[in-house]
There are 4 protein chains.
Amino acid sequence: MQRNRFLGDILSTLFDRSSTISNIDDRRDIFELCRALLSEEGEVSGQKLAATVLSRYRALAPEEKPAFFIFLNDELDIDAKALVKLSVQYSVDPTPATFKALSASAEPKRQELLRRLNQPMGATTDIVAMRVDLLRIVKEHPDLARTDSDFVHLFRSWFNRGFLVLKAINWDTPARILDKIVAYEAVHQINDLDDLRRRLYPPDRRCFAFFHPAMPDEPLIFVEVALTQTIPGSVTKLLSEGRTPLEAEDAKIAVFYSISNCQKGLTQISVGNLLIKQVVAELSLAFPQLENFVTLSPIPGLNKWLATQTKDIEHGHIASAILDQSAAPQDIRAMAARYLLLAKRDNGMPVDPVTRFHLGNGAEVYDIHANADTSANGLAQSSGAMVNYLYDLSLTERNHAGFALNSIVAAAKPARVLSTATLSLKPKEITS
Amino acid sequence: MQRNRFLGDILSTLFDRSSTISNIDDRRDIFELCRALLSEEGEVSGQKLAATVLSRYRALAPEEKPAFFIFLNDELDIDAKALVKLSVQYSVDPTPATFKALSASAEPKRQELLRRLNQPMGATTDIVAMRVDLLRIVKEHPDLARTDSDFVHLFRSWFNRGFLVLKAINWDTPARILDKIVAYEAVHQINDLDDLRRRLYPPDRRCFAFFHPAMPDEPLIFVEVALTQTIPGSVTKLLSEGRTPLEAEDAKIAVFYSISNCQKGLTQISVGNLLIKQVVAELSLAFPQLENFVTLSPIPGLNKWLATQTKDIEHGHIASAILDQSAAPQDIRAMAARYLLLAKRDNGMPVDPVTRFHLGNGAEVYDIHANADTSANGLAQSSGAMVNYLYDLSLTERNHAGFALNSIVAAAKPARVLSTATLSLKPKEITS
Amino acid sequence: MQRNRFLGDILSTLFDRSSTISNIDDRRDIFELCRALLSEEGEVSGQKLAATVLSRYRALAPEEKPAFFIFLNDELDIDAKALVKLSVQYSVDPTPATFKALSASAEPKRQELLRRLNQPMGATTDIVAMRVDLLRIVKEHPDLARTDSDFVHLFRSWFNRGFLVLKAINWDTPARILDKIVAYEAVHQINDLDDLRRRLYPPDRRCFAFFHPAMPDEPLIFVEVALTQTIPGSVTKLLSEGRTPLEAEDAKIAVFYSISNCQKGLTQISVGNLLIKQVVAELSLAFPQLENFVTLSPIPGLNKWLATQTKDIEHGHIASAILDQSAAPQDIRAMAARYLLLAKRDNGMPVDPVTRFHLGNGAEVYDIHANADTSANGLAQSSGAMVNYLYDLSLTERNHAGFALNSIVAAAKPARVLSTATLSLKPKEITS
Amino acid sequence: MQRNRFLGDILSTLFDRSSTISNIDDRRDIFELCRALLSEEGEVSGQKLAATVLSRYRALAPEEKPAFFIFLNDELDIDAKALVKLSVQYSVDPTPATFKALSASAEPKRQELLRRLNQPMGATTDIVAMRVDLLRIVKEHPDLARTDSDFVHLFRSWFNRGFLVLKAINWDTPARILDKIVAYEAVHQINDLDDLRRRLYPPDRRCFAFFHPAMPDEPLIFVEVALTQTIPGSVTKLLSEGRTPLEAEDAKIAVFYSISNCQKGLTQISVGNLLIKQVVAELSLAFPQLENFVTLSPIPGLNKWLATQTKDIEHGHIASAILDQSAAPQDIRAMAARYLLLAKRDNGMPVDPVTRFHLGNGAEVYDIHANADTSANGLAQSSGAMVNYLYDLSLTERNHAGFALNSIVAAAKPARVLSTATLSLKPKEITS
């Protein structure tokens with residue numbers, strides 16, 4: 001316990017680091033500075049040089065940034081010819097010396113540049129922000145995807161799961177962090193701190209986030225949890241203002257009703273899977289009486305799919321009715337179930353991205369609700385329907401394997417029954 | 001300030017992580033488990049699988065460990081043929097897709113294995129310990145150097161300087177950490193905590209260490225500092241029991257008299273350079289009156305070199321006299337100066353490893369003292385001589401460049417004068 | 001630094017104390033329980049008994065509370081006869097034994113009761129809340145002022161200045177504490193957290209509060225500070241939304257524009273004096289370039305006093321004009337200066353309570369501004385006028401002594417000039 | 001959890017307080033300074049004046065200190081005549097005004113002086129140290145006991161149990177605090193930190209201390225605990241070097257084998273009772289499997305009592321034999337039981353002070369062991385015998401009441417049986 005306090009101490013110091021001041025008198029341009037950072041000079045004055053490069057980068061106008069990434073991409077690329085030679089040599093005689101040369105040759109110099117940039121206080125945040133720019137620029141300069149894959153590679157080491165820190169977010173959290181939660185909530189909008197209070201303050205609400213030691217002000221991803229007595233069918237009700245909160249000790253269900261990735265710069269460095277598992281573990285420990293862990297999730301692709309079904313013989317009339325907002329709740333649920341369980345991409349995987357995420361984590365489709373998200377966004381994307389995914393830790397491994405290897409969509413009885421339910425509006429009846 | 005406290009909080013949680021329990025019922029052997037961790041199963045149950053592998057590894061007998069590393073080295077190596085094909089393809093047509101495939105193919109699977117192993121609480125410490133084994137085993141299995149270079153590569157990202165945390169070590173530090181300082185002191189032995197008190201407690205002593213957030217109980221490297229009024233010429237005196245301590249505010253000189261690397265497993269991941277610079281920065285800030293930052297360093301190779309000089313026309317008799325402990329202090333100093341400034345390896349670099357370290361950091365040889373370390377070890381390695389290296393931050397860059405590019409050994413006047421001083425024992429006089 | 005962390009640790013534990021559970025099965029009424037707490041039973045089971053009394057007290061209906069205080073006041077009073085006897089005895093023969101008996105006899109048993117009540121976690125907060133009730137009830141039961149003076153006596157020891165902790169309140173403070181700041185702001189209302197952000201977030205704003213270790217969630221008093229370049233004449237402008245904030249390093253003046261006592265239960269335990277001094281000390285250290293420390297204070301009694309002046313020969317017409325909102329700013333300033341410098345109570349002290357507070361702290365009246373607080377409240381109490389009190393730490397002692405001993409109102413030139421300025425509306429001119 | 005961290009933060013600041021510097025230029029003597037602190041000057045410059053008084057006090061030579069306390073005792077005493085008048089008046093007409101005047105008059109001005117002294121950083125520690133001096137001086141100046149009783153009175157409010165903080169002391173505790181534990185251990189001497197390690201490091205050892213927020217570096221009292229499987233009969237064995245430690249989870253018994261008061265200046269402000277109860281509560285929570293909480297206590301008065309029994313008809317020969325170290329263990333146990341259960345002071349209370357402490361806390365005498373403390377001190381005071389007192393929380397209240405009201409010494413069967421056991425050495429047998 002106190003050991004951790006020392007750890008805390010350790011970390012506090014991280015940002016007391018006599019903040020490296022960039023050298024504003026250095027007249028070299030950013031490319032020269034990068035070359036210097038990679039040279040002998042970088043060995044001994046790396047921290048100052050890195051601070052100078054980062055400050056120079058922050059001062060670039062948007063239209064100047066592509067040139068920086070093109071520099072990384074081209075000048076700091078691998079030497080393919082050398083690599084060919086070394087890999088041939090290695091395939092013949094795999095000595096350690098060849099291996100070492102081969103490894104060095106296979107890694108573009110821009111990776112070492114990024115590692116050397118990551119020395120001054122706050123540099124990690126800067127480098128993650130750099131990738132936000134890159135992800136924008138790569139759309140017009142597709143070749144830069146090479147550089148992007150180096151960012152991803154490096155971030156996978158830096159943000160290795162073992163370095164992430166789970167942290168409860170609540171009303172004892174500094175306002176500075178709460179501001180970030182307000183800003184980053186991606187699923188059910190939060191207007192301001194007083195609105196956030198409703199999500200964090202009541203005894204039956206929890207929120208957890210992952211942080212990285214080098215970015216202590218920046219949550220990476222967070223999940224909002226409601227503790228309830230039954231599996232809920234409506235997020236509108238879950239978040240209603242007038243409701244009477246439950247004592248946490250009386251809860252039977254933990255509902256993950258919102259998961260938000262915060263760092264666009266960490267796209268592809270997925271940690272949502274681990275977050276849910278650790279939160280399940282934390283909550284199980286704190287509230288052993290909890291029986292089920294479910295989500296209450298949006299179905300972002302439902303309406304888009306329904307629009308493709310309006311000419312379909314079996315589904316056409318129902319799909320149109322749903323899109324016209326004239327369908328019965330039961331039909332919405334049934335069609336949503338068909339969508340989730342049966343609509344597949346060419347590779348056999350479900351069309352819905354949220355489904356892919358949770359089933360990839362080993363969850364199963366549990367139940368579907370109509371009129372569950374009556375916000376403008378909820379109606380627009382899924383005609384108000386939402387879905388519960390169930391996390392049964394004793395099954396996640398099997399579910400995941402079935403999904404990953406054979407594209408099997410695990411579903412519990414309620415969802416299975418819905419997906420095979422007779423639709424109330426029969427095509428015939430309507431045409432007649 | 002309080003922001004840092006939240007950071008502290010973040011880190012505290014790191015080790016509260018509901019400690020992942022390895023699965024003791026898993027009957028698979030460690031190789032099977034590693035393969036599973038790299039497979040789909042590892043995606044979803046990685047933390048548990050990793051804990052199981054690590055616990056299985058810890059239970060291996062010493063003679064079983066080589067097989068584990070051979071498995072990493074051979075089964076989890078790169079596919080050289082694929083790499084040849086892809087690098088040829090890339091040299092012709094450097095598309096992002098090819099680059100991505102090439103990068104993936106150039107990275108041995110053992111790297112991904114290590115990243116996946118690094119998930120449970122304490123895993124980083126385990127993996128660093130793994131390399132301690134590897135460094136021992138590689139001596140008999142030189143091929144394993146391939147695997148070792150992957151450890152180095154990964155550790156360079158994990159222990160990126162930007163993630164290291166400087167921490168003052170003093171009498172308010174938990175005893176658990178102080179025990180480590182006692183154990184790891186490599187230069188001037190510390191017997192126990194009460195001995196350590198003499199190094200930490202007086203107002204004119206400081207100690208700083210680097211830590212990594214994922215190994216909060218383990219200093220990586222530490223430096224002991226004495227605050228003095230003049231540049232000291234004897235560590236024996238510096239550490240003597242009876243001395244009257246100085247008030248820190250009255251000090252003019254900061255003396256780095258001992259630098260110890262703590263983690264054998266982090267060999268080649270050098271951070272001593274950064275440590276010295278950050279400590280100089282911290283001390284300058286806290287005590288603006290400080291005028292000089294010097295080391296009081298051992299000269300580990302002196303006697304060995306003297307032994308090679310006993311037949312030398314110019315140095316022979318002096319060298320013998322020193323080794324016989326019959327030389328005058330001035331001659332010891334002069335010979336040590338010649339050794340430090342002039343004795344070179346084939347590549348033009350100084351013979352002495354400590355010289356190479358400090359000059360590589362941009363320091364210069366400042367002065368040399370006889371009878372400075374009269375411990376058994378001090379007499380054996382350098383006939384009691386020690387050297388001050390001077391860190392003048394306005395010169396480090398220039399010094400480093402001269403040293404790195406042209407092997408120039410920067411030396412201040414006292415050292416230069418000594419190196420050219422006439423030796424008192426002239427060869428002739430003696431032979432006559 | 002780290003020593004403080006251990007202190008932090010110490011305090012953290014304060015509230016981890018396995019929260020004492022009151023004994024809900026104890027059938028005795030609150031009076032019986034108090035007697036038990038004072039008896040032998042209280043010696044050994046004090047913590048549980050105290051928790052039971054406090055929980056019983058919290059459950060009392062408002063109309064039941066007077067009886068509790070009457071019990072304290074009468075049954076737990078001093079034994080006056082015994083005290084007479086002992087004081088006579090002491091005046092004759094002042095032995096330690098008599099002194100001890102006398103001291104014991106002069107202290108009502110209710111003081112010991114309160115000390116014994118203060119054992120379970122959170123008890124201090126409960127006892128402070130108890131006094132809030134008492135201050136209400138004493139109005140109808142004036143005899144209870146005896147009991148109240150025991151609360152005051154005890155609180156003076158418990159909240160001894162040496163135990164108070166100064167704490168910066170900013171955007172890194174937990175939201176729970178910020179909520180309290182919003183609720184307790186007494187001078188210039190804050191609507192919600194997003195409104196508070198304007199007071200805390202900009203770089204030229206500071207806020208400091210005193211806390212007591214046993215009530216960590218409860219600020220006792222706080223002061224809001226604006227850093228400016230000139231002495232400001234309008235709080236409306238100071239708090240305006242559109243303004244461009246200053247860098248703290250560029251400020252010349254620190255303005256204390258709002259001081260709020262938070263704990264009604266600590267009435268008479270004044271710490272505002274110390275708060276201002278410590279904040280001046282903190283700010284001087286952090287920003288050595290600061291030249292002046294002033295307040296921008298309300299003049300709560302101005303309009304009330306003007307109303308008493310409407311028949312006055314010299315002031316009548318001006319006073320009426322001000323109250324009619326038809327006076328020139330300069331006349332408002334002049335009359336406010338006369339009020340602050342010259343309007344006295346029977347005991348020679350200034351009529352205005354805020355003046356008494358700041359002059360009691362050793363400040364001086366510096367300058368007065370019209371149209372400075374144009375809020376409804378500002379217009380109603382002082383026709384929009386506000387005043388700067390100046391804290392010149394080299395003069396506070398002398399000012400305080402002059403004020404305390406001879407009722408001298410220290411005033412700087414601007415205020416003195418205003419107080420003797422010719423009023424623009426001459427009585428004659430108007431009547432003619 | 002994080003709330004506590006803010007609390008920690010609060011406290012950290014306590015000692016960051018821009019350390020009040022005493023005014024070394026103030027020429028007044030300590031008496032004048034005290035008078036000034038009590039005057040108007042003290043209202044506004046109290047912190048600086050207090051720092052000056054305290055620094056002046058620390059500089060007093062031992063022989064100068066009595067005069068200081070005599071000043072407190074005489075000049076700052078109560079005005080007995082005024083008190084007589086007010087108490088008579090109060091006994092006739094108990095108005096609040098009279099009560100207030102009476103209360104003020106009954107409190108010596110030295111109490112207000114001490115409260116005002118307690119403002120600068122570290123003042124509480126200074127004032128507690130002041131009482132250490134006083135307790136020494138009062139022996140030669142018995143009249144100063146009046147002043148001492150004011151220290152006691154004030155300390156009872158300042159060190160109110162509600163303000164004390166329980167803290168685990170272990171190997172993660174700063175060395176500075178551990179030094180204090182080594183120094184203050186009063187029962188079983190600890191030589192140095194490496195000796196302390198044996199008491200704190202093994203998994204079956206615990207140590208807890210009380211701290212006060214204003215004296216964070218100073219434990220007030222601490223208890224050392226051994227976790228065992230059976231009720232131990234020998235502290236020598238408990239502390240033996242070679243022993244194999246138990247896993248805490250396997251323990252059945254918690255043994256309090258050493259309780260040490262640390263602050264001589266807090267004599268009479270007893271908190272040992274509360275410490276034991278809170279530690280029992282903490283341990284019960286952490287290790288629910290614990291069945292019994294016992295002490296292993298010294299019997300400091302045994303040999304002294306035996307010396308009084310050597311002429312006694314029944315006990316004489318046994319007592320002599322024990323003192324001669326020629327008695328059988330069983331006889332030592334029996335005589336010790338008689339001593340603990342039957343040897344009484346005139347007021348009916350047990351002769352042994354440790355017995356009075358634990359029975360006052362509601363414990364009972366459980367069992368007695370010979371050869372339990374074979375240290376020099378153990379042999380000298382109790383011929384090696386020790387005793388277990390049992391804390392059964394369901395009985396403490398009843399035990400305490402019986403003891404406090406009727407001097408009943410609660411004893412469990414083993415102790416009762418021992419106390420009535422036939423002594424093996426019969427008087428007759430020996431004389432014959």
# chains A, B, ... in the order shown; residues from 1 in each chain; ligands from 1
call {"tool": "residues_around", "arguments": {"residues": "D:His153", "least_positions_apart": "6", "cutoff": "12 Å", "atoms": "only C-alpha atoms", "output": "ChimeraX atom specification"}}
result
/C:100,103-104,107,111-112,115,154,157 /D:107-108,110-112,114-115,146-147,159-160,266-269
call {"tool": "write_last_selection", "arguments": {"atoms": "C-alpha atoms", "output": "PDB file, in the first residue's frame"}}
result
ATOM      1  CA  LYS C 100      -5.952  21.097  39.696  1.00  0.00           C
ATOM      2  CA  SER C 103      -9.353  23.858  37.048  1.00  0.00           C
ATOM      3  CA  ALA C 104     -11.411  20.686  36.906  1.00  0.00           C
ATOM      4  CA  GLU C 107     -14.649  23.337  33.379  1.00  0.00           C
ATOM      5  CA  GLN C 111     -16.480  20.082  27.462  1.00  0.00           C
ATOM      6  CA  GLU C 112     -15.278  16.603  28.345  1.00  0.00           C
ATOM      7  CA  ARG C 115     -13.951  15.794  23.600  1.00  0.00           C
ATOM      8  CA  LEU C 154     -12.962  23.965  22.586  1.00  0.00           C
ATOM      9  CA  SER C 157      -7.963  24.618  20.789  1.00  0.00           C
TER      10      SER C 157
ATOM     11  CA  GLU D 107      -8.281  29.826  32.629  1.00  0.00           C
ATOM     12  CA  PRO D 108      -4.704  30.910  33.306  1.00  0.00           C
ATOM     13  CA  ARG D 110      -0.517  30.690  30.067  1.00  0.00           C
ATOM     14  CA  GLN D 111      -3.024  28.492  28.204  1.00  0.00           C
ATOM     15  CA  GLU D 112      -3.697  31.268  25.714  1.00  0.00           C
ATOM     16  CA  LEU D 114       0.570  28.140  24.538  1.00  0.00           C
ATOM     17  CA  ARG D 115      -2.197  28.311  21.957  1.00  0.00           C
ATOM     18  CA  ARG D 146       0.032  24.058  38.306  1.00  0.00           C
ATOM     19  CA  THR D 147       1.560  24.941  34.978  1.00  0.00           C
ATOM     20  CA  PHE D 159      -4.282  15.240  20.966  1.00  0.00           C
ATOM     21  CA  ASN D 160      -7.950  14.381  21.167  1.00  0.00           C
ATOM     22  CA  LEU D 266       2.704  13.496  26.420  1.00  0.00           C
ATOM     23  CA  THR D 267       2.782  11.685  29.760  1.00  0.00           C
ATOM     24  CA  GLN D 268      -0.807  11.370  31.079  1.00  0.00           C
ATOM     25  CA  ILE D 269      -2.270  11.793  27.585  1.00  0.00           C
TER      26      ILE D 269
END
call {"tool": "interface_residues", "arguments": {"of": "chain D", "to": "chain B", "cutoff": "7 Å", "atoms": "only C-alpha atoms", "output": "NGL selection string"}}
result
:D and (171-176 or 193-194)
call {"tool": "write_last_selection", "arguments": {"atoms": "all heavy atoms", "output": "PDB file, in the first residue's frame"}}
result
ATOM      1  N   TRP D 171       8.428  -2.163   6.118  1.00  0.00           N
ATOM      2  CA  TRP D 171       9.673  -1.912   5.410  1.00  0.00           C
ATOM      3  C   TRP D 171       9.506  -0.894   4.276  1.00  0.00           C
ATOM      4  O   TRP D 171      10.466  -0.525   3.602  1.00  0.00           O
ATOM      5  CB  TRP D 171      10.308  -3.229   4.946  1.00  0.00           C
ATOM      6  CG  TRP D 171      11.795  -3.186   5.032  1.00  0.00           C
ATOM      7  CD1 TRP D 171      12.689  -3.359   4.010  1.00  0.00           C
ATOM      8  CD2 TRP D 171      12.596  -2.892   6.191  1.00  0.00           C
ATOM      9  NE1 TRP D 171      13.967  -3.206   4.475  1.00  0.00           N
ATOM     10  CE2 TRP D 171      13.946  -2.918   5.798  1.00  0.00           C
ATOM     11  CE3 TRP D 171      12.284  -2.604   7.528  1.00  0.00           C
ATOM     12  CZ2 TRP D 171      15.001  -2.669   6.682  1.00  0.00           C
ATOM     13  CZ3 TRP D 171      13.305  -2.352   8.414  1.00  0.00           C
ATOM     14  CH2 TRP D 171      14.649  -2.388   7.991  1.00  0.00           C
ATOM     15  N   ASP D 172       8.254  -0.464   4.070  1.00  0.00           N
ATOM     16  CA  ASP D 172       8.007   0.596   3.097  1.00  0.00           C
ATOM     17  C   ASP D 172       7.923   1.962   3.774  1.00  0.00           C
ATOM     18  O   ASP D 172       7.633   2.959   3.119  1.00  0.00           O
ATOM     19  CB  ASP D 172       6.712   0.321   2.338  1.00  0.00           C
ATOM     20  CG  ASP D 172       6.847  -0.895   1.454  1.00  0.00           C
ATOM     21  OD1 ASP D 172       7.793  -0.932   0.657  1.00  0.00           O
ATOM     22  OD2 ASP D 172       6.025  -1.819   1.576  1.00  0.00           O
ATOM     23  N   THR D 173       8.167   1.998   5.059  1.00  0.00           N
ATOM     24  CA  THR D 173       8.142   3.246   5.820  1.00  0.00           C
ATOM     25  C   THR D 173       9.492   3.954   5.635  1.00  0.00           C
ATOM     26  O   THR D 173      10.523   3.294   5.568  1.00  0.00           O
ATOM     27  CB  THR D 173       7.914   2.917   7.306  1.00  0.00           C
ATOM     28  OG1 THR D 173       6.665   2.224   7.420  1.00  0.00           O
ATOM     29  CG2 THR D 173       7.879   4.170   8.169  1.00  0.00           C
ATOM     30  N   PRO D 174       9.460   5.303   5.544  1.00  0.00           N
ATOM     31  CA  PRO D 174      10.725   6.034   5.427  1.00  0.00           C
ATOM     32  C   PRO D 174      11.684   5.711   6.570  1.00  0.00           C
ATOM     33  O   PRO D 174      11.265   5.568   7.728  1.00  0.00           O
ATOM     34  CB  PRO D 174      10.290   7.497   5.513  1.00  0.00           C
ATOM     35  CG  PRO D 174       8.888   7.508   5.018  1.00  0.00           C
ATOM     36  CD  PRO D 174       8.301   6.193   5.469  1.00  0.00           C
ATOM     37  N   ALA D 175      12.958   5.634   6.241  1.00  0.00           N
ATOM     38  CA  ALA D 175      13.974   5.303   7.235  1.00  0.00           C
ATOM     39  C   ALA D 175      13.955   6.283   8.411  1.00  0.00           C
ATOM     40  O   ALA D 175      14.207   5.903   9.550  1.00  0.00           O
ATOM     41  CB  ALA D 175      15.357   5.285   6.573  1.00  0.00           C
ATOM     42  N   ARG D 176      13.625   7.530   8.137  1.00  0.00           N
ATOM     43  CA  ARG D 176      13.582   8.531   9.198  1.00  0.00           C
ATOM     44  C   ARG D 176      12.619   8.113  10.331  1.00  0.00           C
ATOM     45  O   ARG D 176      12.897   8.327  11.503  1.00  0.00           O
ATOM     46  CB  ARG D 176      13.122   9.865   8.606  1.00  0.00           C
ATOM     47  CG  ARG D 176      13.055  11.039   9.567  1.00  0.00           C
ATOM     48  CD  ARG D 176      12.549  12.284   8.846  1.00  0.00           C
ATOM     49  NE  ARG D 176      13.321  12.572   7.656  1.00  0.00           N
ATOM     50  CZ  ARG D 176      14.492  13.240   7.673  1.00  0.00           C
ATOM     51  NH1 ARG D 176      14.961  13.701   8.819  1.00  0.00           N
ATOM     52  NH2 ARG D 176      15.140  13.445   6.564  1.00  0.00           N
ATOM     53  N   LEU D 193      18.820  -0.504  12.561  1.00  0.00           N
ATOM     54  CA  LEU D 193      17.832  -0.778  11.514  1.00  0.00           C
ATOM     55  C   LEU D 193      17.866  -2.227  11.078  1.00  0.00           C
ATOM     56  O   LEU D 193      16.824  -2.823  10.791  1.00  0.00           O
ATOM     57  CB  LEU D 193      18.083   0.140  10.314  1.00  0.00           C
ATOM     58  CG  LEU D 193      17.664   1.601  10.533  1.00  0.00           C
ATOM     59  CD1 LEU D 193      17.984   2.434   9.294  1.00  0.00           C
ATOM     60  CD2 LEU D 193      16.176   1.695  10.853  1.00  0.00           C
ATOM     61  N   ASP D 194      19.064  -2.808  11.049  1.00  0.00           N
ATOM     62  CA  ASP D 194      19.114  -4.188  10.590  1.00  0.00           C
ATOM     63  C   ASP D 194      18.508  -5.144  11.626  1.00  0.00           C
ATOM     64  O   ASP D 194      18.006  -6.207  11.282  1.00  0.00           O
ATOM     65  CB  ASP D 194      20.540  -4.568  10.184  1.00  0.00           C
ATOM     66  CG  ASP D 194      20.919  -3.878   8.870  1.00  0.00           C
ATOM     67  OD1 ASP D 194      20.456  -4.351   7.824  1.00  0.00           O
ATOM     68  OD2 ASP D 194      21.606  -2.841   8.911  1.00  0.00           O
TER      69      ASP D 194
END
call {"tool": "select_by_dssp", "arguments": {"residues": "stretch 246-357 of chain C", "states": "alpha helix (DSSP H)", "output": "ChimeraX atom specification"}}
result
/C:272-286,302-308,316-323,329-342,353-357
call {"tool": "residues_around", "arguments": {"residues": "A:Asp392", "least_positions_apart": "5", "cutoff": "12 Å", "atoms": "only C-alpha atoms", "output": "list in words"}}
result
Ala254, Ile276, Lys277, Val280, Ala281, Leu290, Glu291, Asn292, Phe293, Val294, Thr295, His358, Leu359, Asn361, Gly362, Ala363, Glu364, Val365, Tyr366, Glu397, Arg398, Asn399, His400, Ala410, Ala411 and Ala412 of chain A
call {"tool": "write_last_selection", "arguments": {"atoms": "C-alpha atoms", "output": "PDB file, in the first residue's frame"}}
result
ATOM      1  CA  ALA A 254     -23.192  -3.983 -13.983  1.00  0.00           C
ATOM      2  CA  ILE A 276     -13.586  -4.174 -19.899  1.00  0.00           C
ATOM      3  CA  LYS A 277     -11.871  -7.211 -18.398  1.00  0.00           C
ATOM      4  CA  VAL A 280     -15.180  -6.628 -14.561  1.00  0.00           C
ATOM      5  CA  ALA A 281     -12.437  -7.891 -12.241  1.00  0.00           C
ATOM      6  CA  LEU A 290     -22.965  -8.841  -8.932  1.00  0.00           C
ATOM      7  CA  GLU A 291     -24.441 -11.550 -11.170  1.00  0.00           C
ATOM      8  CA  ASN A 292     -24.072 -10.264 -14.688  1.00  0.00           C
ATOM      9  CA  PHE A 293     -21.911  -7.903 -16.673  1.00  0.00           C
ATOM     10  CA  VAL A 294     -23.619  -6.579 -19.760  1.00  0.00           C
ATOM     11  CA  THR A 295     -23.354  -3.665 -22.098  1.00  0.00           C
ATOM     12  CA  HIS A 358     -17.608  -7.090 -28.256  1.00  0.00           C
ATOM     13  CA  LEU A 359     -17.674 -10.484 -29.949  1.00  0.00           C
ATOM     14  CA  ASN A 361     -13.675  -9.702 -26.770  1.00  0.00           C
ATOM     15  CA  GLY A 362     -15.570 -12.923 -26.221  1.00  0.00           C
ATOM     16  CA  ALA A 363     -18.974 -11.455 -25.356  1.00  0.00           C
ATOM     17  CA  GLU A 364     -22.250 -12.712 -26.775  1.00  0.00           C
ATOM     18  CA  VAL A 365     -25.334 -10.938 -28.122  1.00  0.00           C
ATOM     19  CA  TYR A 366     -27.831 -11.128 -25.291  1.00  0.00           C
ATOM     20  CA  GLU A 397     -12.323 -17.557 -24.364  1.00  0.00           C
ATOM     21  CA  ARG A 398     -14.533 -20.054 -26.154  1.00  0.00           C
ATOM     22  CA  ASN A 399     -16.668 -17.315 -27.665  1.00  0.00           C
ATOM     23  CA  HIS A 400     -13.636 -15.434 -28.842  1.00  0.00           C
ATOM     24  CA  ALA A 410     -22.397 -16.193 -30.054  1.00  0.00           C
ATOM     25  CA  ALA A 411     -25.903 -15.295 -29.000  1.00  0.00           C
ATOM     26  CA  ALA A 412     -28.004 -16.022 -25.940  1.00  0.00           C
TER      27      ALA A 412
END
call {"tool": "residues_around", "arguments": {"residues": "B:Phe31", "least_positions_apart": "4", "cutoff": "10 Å", "atoms": "only C-alpha atoms", "output": "PDB file with C-alpha atoms, in the first residue's frame"}}
result
ATOM      1  CA  ARG B  35       2.416 -20.529 -28.835  1.00  0.00           C
ATOM      2  CA  ALA B  36      -1.042 -20.045 -27.324  1.00  0.00           C
ATOM      3  CA  LEU B  37      -0.117 -16.559 -26.176  1.00  0.00           C
ATOM      4  CA  VAL B  53       4.155 -18.468 -18.770  1.00  0.00           C
ATOM      5  CA  ALA B  67      15.914 -24.737 -24.069  1.00  0.00           C
ATOM      6  CA  PHE B  68      13.499 -21.870 -23.525  1.00  0.00           C
ATOM      7  CA  PHE B  71      12.915 -22.027 -28.594  1.00  0.00           C
ATOM      8  CA  LEU B  72      12.708 -18.210 -28.817  1.00  0.00           C
ATOM      9  CA  GLU B  75      11.090 -21.315 -33.549  1.00  0.00           C
TER      10      GLU B  75
END
call {"tool": "atom_distance", "arguments": {"atom1": "atom CA of D:Leu341", "atom2": "atom CA of D:Asp324"}}
result
23.2 Å
call {"tool": "residues_around", "arguments": {"residues": "stretch 350-357 of chain A", "least_positions_apart": "4", "cutoff": "10 Å", "atoms": "only C-alpha atoms", "output": "MDAnalysis selection string"}}
result
chainID A and resid 272:273 297:302 305 339:346 361:365 387 389 403:404 407:409
